[in-house]
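Have a look at run_27.cif below; it lists mmCIF, C-alpha atoms.
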data_model
#
loop_
_atom_site.label_atom_id
_atom_site.label_comp_id
_atom_site.auth_asym_id
_atom_site.auth_seq_id
_atom_site.Cartn_x
_atom_site.Cartn_y
_atom_site.Cartn_z
CA MET E 1171 52.41 -3.99 37.57
CA LYS E 1172 48.99 -4.77 39.01
CA LEU E 1173 46.21 -2.21 39.50
CA VAL E 1174 43.29 -3.38 41.65
CA PHE E 1175 39.95 -1.71 42.30
CA MET E 1176 38.29 -2.85 45.52
CA ASP E 1177 34.89 -2.23 47.02
CA TYR E 1178 32.98 -4.05 49.72
CA ASP E 1179 31.57 -6.94 47.68
CA ASN E 1180 32.73 -6.51 44.05
CA THR E 1181 29.20 -6.02 42.73
CA LEU E 1182 29.15 -2.32 41.89
CA PHE E 1183 31.88 0.33 41.92
CA SER E 1184 34.92 -1.92 41.55
CA GLN E 1185 33.37 -3.71 38.56
CA MET E 1186 32.62 -0.34 36.97
CA ALA E 1187 36.17 0.91 37.57
CA GLU E 1188 37.79 -2.27 36.25
CA ALA E 1189 35.84 -2.05 32.98
CA LEU E 1190 36.66 1.64 32.51
CA ALA E 1191 40.34 1.14 33.29
CA LYS E 1192 40.62 -1.73 30.82
CA LYS E 1193 39.03 0.43 28.13
CA PHE E 1194 41.33 3.41 28.70
CA ASN E 1195 44.54 1.48 29.42
CA LYS E 1196 47.52 2.11 27.16
CA VAL E 1197 50.15 0.95 29.64
CA GLU E 1198 52.05 -2.19 28.61
CA ASN E 1199 52.12 -5.06 31.10
CA LEU E 1200 49.52 -3.50 33.39
CA GLN E 1201 47.18 -6.06 34.93
CA ILE E 1202 43.81 -4.60 35.90
CA GLU E 1203 41.47 -6.42 38.27
CA SER E 1204 38.71 -5.80 40.75
CA CYS E 1205 37.71 -7.52 43.94
CA GLY E 1206 35.69 -7.18 47.11
CA LEU E 1207 36.43 -7.66 50.76
CA ARG E 1208 33.66 -10.24 50.75
CA GLU E 1209 31.84 -12.00 47.92
CA GLY E 1210 28.64 -10.35 46.80
CA LYS E 1211 25.59 -12.25 45.63
CA SER E 1212 24.96 -10.64 42.25
CA LEU E 1213 26.05 -7.68 40.16
CA ASN E 1214 24.11 -4.48 40.80
CA LYS E 1215 21.36 -4.15 38.18
CA ASP E 1216 21.52 -0.34 38.09
CA MET E 1217 25.29 -0.46 37.49
CA LEU E 1218 24.81 -2.96 34.68
CA LYS E 1219 22.30 -0.62 33.02
CA ILE E 1220 24.35 2.59 33.25
CA MET E 1221 27.44 0.79 32.01
CA LYS E 1222 25.50 -0.76 29.13
CA ASP E 1223 24.30 2.76 28.23
CA VAL E 1224 27.94 3.66 27.43
CA GLY E 1225 28.83 0.42 25.64
CA PHE E 1226 29.85 -2.02 28.39
CA ASP E 1227 28.08 -5.36 28.80
CA LEU E 1228 29.22 -6.55 32.23
CA LYS E 1229 26.45 -9.06 32.99
CA SER E 1230 28.81 -12.03 32.58
CA ASN E 1231 31.51 -10.57 34.88
CA GLN E 1232 32.57 -12.73 37.80
CA ILE E 1233 32.42 -11.54 41.38
CA LYS E 1234 35.84 -11.94 43.01
CA ILE E 1235 37.15 -11.58 46.53
CA LEU E 1236 40.46 -10.22 47.71
CA GLN E 1237 42.99 -13.02 47.58
CA ASP E 1238 46.57 -11.83 47.44
CA LEU E 1239 47.16 -8.19 48.26
CA ASN E 1240 50.90 -8.65 48.57
CA LYS E 1241 51.07 -8.55 44.78
CA VAL E 1242 49.10 -5.34 44.40
CA ASP E 1243 51.08 -2.34 43.18
CA ILE E 1244 48.25 0.17 43.08
CA LEU E 1245 45.04 -0.20 45.06
CA VAL E 1246 42.03 2.01 44.52
CA THR E 1247 39.29 1.57 47.09
CA LEU E 1248 35.75 2.55 46.27
CA GLY E 1249 33.04 3.22 48.81
CA GLN E 1250 32.85 3.84 52.52
CA ASN E 1251 32.73 0.21 53.62
CA VAL E 1252 36.29 -0.66 52.63
CA ASP E 1253 38.51 -0.98 55.68
CA VAL E 1254 41.95 0.59 55.19
CA MET E 1255 43.50 -2.29 57.18
CA PHE E 1256 43.55 -4.21 53.93
CA ILE E 1257 45.92 -1.87 52.12
CA PRO E 1258 49.01 -3.85 51.09
CA LYS E 1259 52.33 -2.74 52.55
CA ASN E 1260 54.07 -2.57 49.18
CA ALA E 1261 51.36 -0.67 47.30
CA LYS E 1262 52.78 2.36 45.54
CA LEU E 1263 49.51 4.25 45.71
CA CYS E 1264 46.24 3.81 47.55
CA TRP E 1265 43.36 6.20 47.18
CA ASN E 1266 39.65 6.19 47.72
CA ALA E 1267 37.76 7.14 44.58
CA HIS E 1268 34.91 9.64 44.76
CA ILE E 1269 31.62 7.80 45.07
CA TYR E 1270 28.17 9.30 44.77
CA GLU E 1271 25.98 6.55 46.22
CA GLU E 1272 22.78 8.12 44.89
CA ASP E 1273 24.03 8.92 41.39
CA LEU E 1274 25.71 6.04 39.58
CA GLU E 1275 26.07 7.96 36.32
CA LYS E 1276 27.96 10.75 38.09
CA THR E 1277 30.08 8.15 39.87
CA ARG E 1278 30.88 6.44 36.56
CA ASP E 1279 31.94 9.72 34.98
CA VAL E 1280 34.08 10.81 37.96
CA ILE E 1281 35.75 7.39 38.15
CA ALA E 1282 36.43 7.51 34.40
CA ARG E 1283 38.09 10.93 34.75
CA ASP E 1284 40.20 9.81 37.70
CA ILE E 1285 41.22 6.56 35.98
CA LYS E 1286 42.38 8.42 32.87
CA LYS E 1287 44.62 10.60 35.04
CA LEU E 1288 45.93 7.61 36.99
CA LEU E 1289 46.74 5.68 33.80
CA THR E 1290 48.54 8.71 32.38
CA ASP E 1291 50.59 8.97 35.58
CA ILE E 1292 51.42 5.25 35.47
CA LYS E 1293 52.50 5.54 31.84
CA LYS E 1294 54.74 8.50 32.75
CA GLY E 1295 56.43 6.28 35.34
CA LYS E 1296 55.17 8.03 38.46
CA TYR E 1297 54.47 4.67 40.13
#
Starting from the coordinates I provided, produce the structure as structure tokens.
Amino acid sequence: MKLVFMDYDNTLFSQMAEALAKKFNKVENLQIESCGLREGKSLNKDMLKIMKDVGFDLKSNQIKILQDLNKVDILVTLGQNVDVMFIPKNAKLCWNAHIYEEDLEKTRDVIARDIKKLLTDIKKGKY
């Protein structure tokens, strides 16, 4: 099963969500990735700082673009600039995570809470 977090350019929210999901994941054979609709130029410096504050060093992460949605089982979109046209037909779940553009720490904490619930649901076989 593949879980993908997608934002507009894979420089901020999707990177944050991917790191958190990988940390909390206890589901066997779950691939976790992030991507953007378009390729961003560089990782958001504020995101790097607030993630480093809680033990994540993401400065060497690669920026990726959406390549093959037909293999996505669960898609989580993050941010207002993600067009729902890109939701794969076979995705078992698609939801837009709560984003607080002006408060990255709050966004990180809300995403972490939502990811923990999602991973629990996946482990229980809901998807």
Could you give me, as a tab-separated table, a per-residue list for segment 1183-1202 of chain E showing, wherever an atom lies at most 10 Å from an atom of segment 1277-1288 of chain E, the closest pair of atoms and their distance in Å to one decimal, using all atoms listed in the file and sorting by chain then residue number from low to high?
residue	atom	partner	partner_atom	distance
E:Phe1183	CA	E:Arg1278	CA	8.2
E:Ser1184	CA	E:Ile1281	CA	9.9
E:Met1186	CA	E:Arg1278	CA	7.0
E:Ala1187	CA	E:Ile1281	CA	6.5
E:Glu1188	CA	E:Ile1285	CA	9.5
E:Ala1189	CA	E:Ala1282	CA	9.7
E:Leu1190	CA	E:Ala1282	CA	6.2
E:Ala1191	CA	E:Ile1285	CA	6.1
E:Lys1192	CA	E:Ile1285	CA	9.8
E:Lys1193	CA	E:Ala1282	CA	9.8
E:Phe1194	CA	E:Lys1286	CA	6.6
E:Asn1195	CA	E:Lys1286	CA	8.0
E:Lys1196	CA	E:Lys1286	CA	9.9
Go ahead and write the selection's residues with C-alpha atoms as a compact mmCIF listing (two decimals), in the coordinates of the input.
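This is the output file out22.txt:
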# COMPACT_ATOMS: atom_id res chain seq x y z
CA PHE E 1183 31.88 0.33 41.92
CA SER E 1184 34.92 -1.92 41.55
CA MET E 1186 32.62 -0.34 36.97
CA ALA E 1187 36.17 0.91 37.57
CA GLU E 1188 37.79 -2.27 36.25
CA ALA E 1189 35.84 -2.05 32.98
CA LEU E 1190 36.66 1.64 32.51
CA ALA E 1191 40.34 1.14 33.29
CA LYS E 1192 40.62 -1.73 30.82
CA LYS E 1193 39.03 0.43 28.13
CA PHE E 1194 41.33 3.41 28.70
CA ASN E 1195 44.54 1.48 29.42
CA LYS E 1196 47.52 2.11 27.16
Nearest to Lys1172 of chain E, chosen from E:Tyr1270, E:Asp1291, E:Leu1228, E:Val1246, with all atoms listed in the file counted in the distances: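 Distance minimum relative to Lys1172 of chain E lands on E:Val1246.
When only C-alpha atoms are used to measure the gap to Lys1294 of chain E, the shortest distance among E:Leu1182, E:Ile1220, E:Val1174, E:Val1197 belongs to E:Val1197.
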Distance in Å - atom CA of Asp1216 of chain E versus atom CA of Glu1272 of chain E: 10.9 Å
Could you tell me how far atom CA of Phe1226 of chain E lies from atom CA of Met1171 of chain E, in Å and to one decimal?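 Between atom CA of Phe1226 of chain E and atom CA of Met1171 of chain E the gap is 24.4 Å.
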Give me the residues near Ile1269 of chain E as a ChimeraX atom specification, where near means some atom within 7 Å (using all atoms listed in the file) and where sequence neighbours in that chain fewer than 2 positions away do not count. /E:1248-1249,1267,1271,1277
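One distance worth recording is that between atom CA of Glu1275 of chain E and atom CA of Lys1293 of chain E, which is 26.9 Å.
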Determine the nearest neighbour of Gln1201 of chain E from the options E:Lys1215, E:Lys1276, E:Lys1296, E:Lys1241, counting only C-alpha atoms.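 Answer, going by the shortest atom-to-atom distance: E:Lys1241.
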Written as a list in words, which residues does the PyMOL selection byres ((chain E and resi 1209-1211) around 7) give for the file shown?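 The output of the PyMOL selection byres ((chain E and resi 1209-1211) around 7) on this file is Asp1179, Asn1180, Thr1181, Gly1206, Leu1207, Arg1208, Ser1212, Ile1233, Lys1234 and Ile1235 of chain E.
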Pick from E:Ile1292, E:His1268, E:Asn1231, E:Cys1205: nearest to Tyr1178 of chain E, with only C-alpha atoms counted?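 The closest residue to Tyr1178 of chain E is E:Cys1205.
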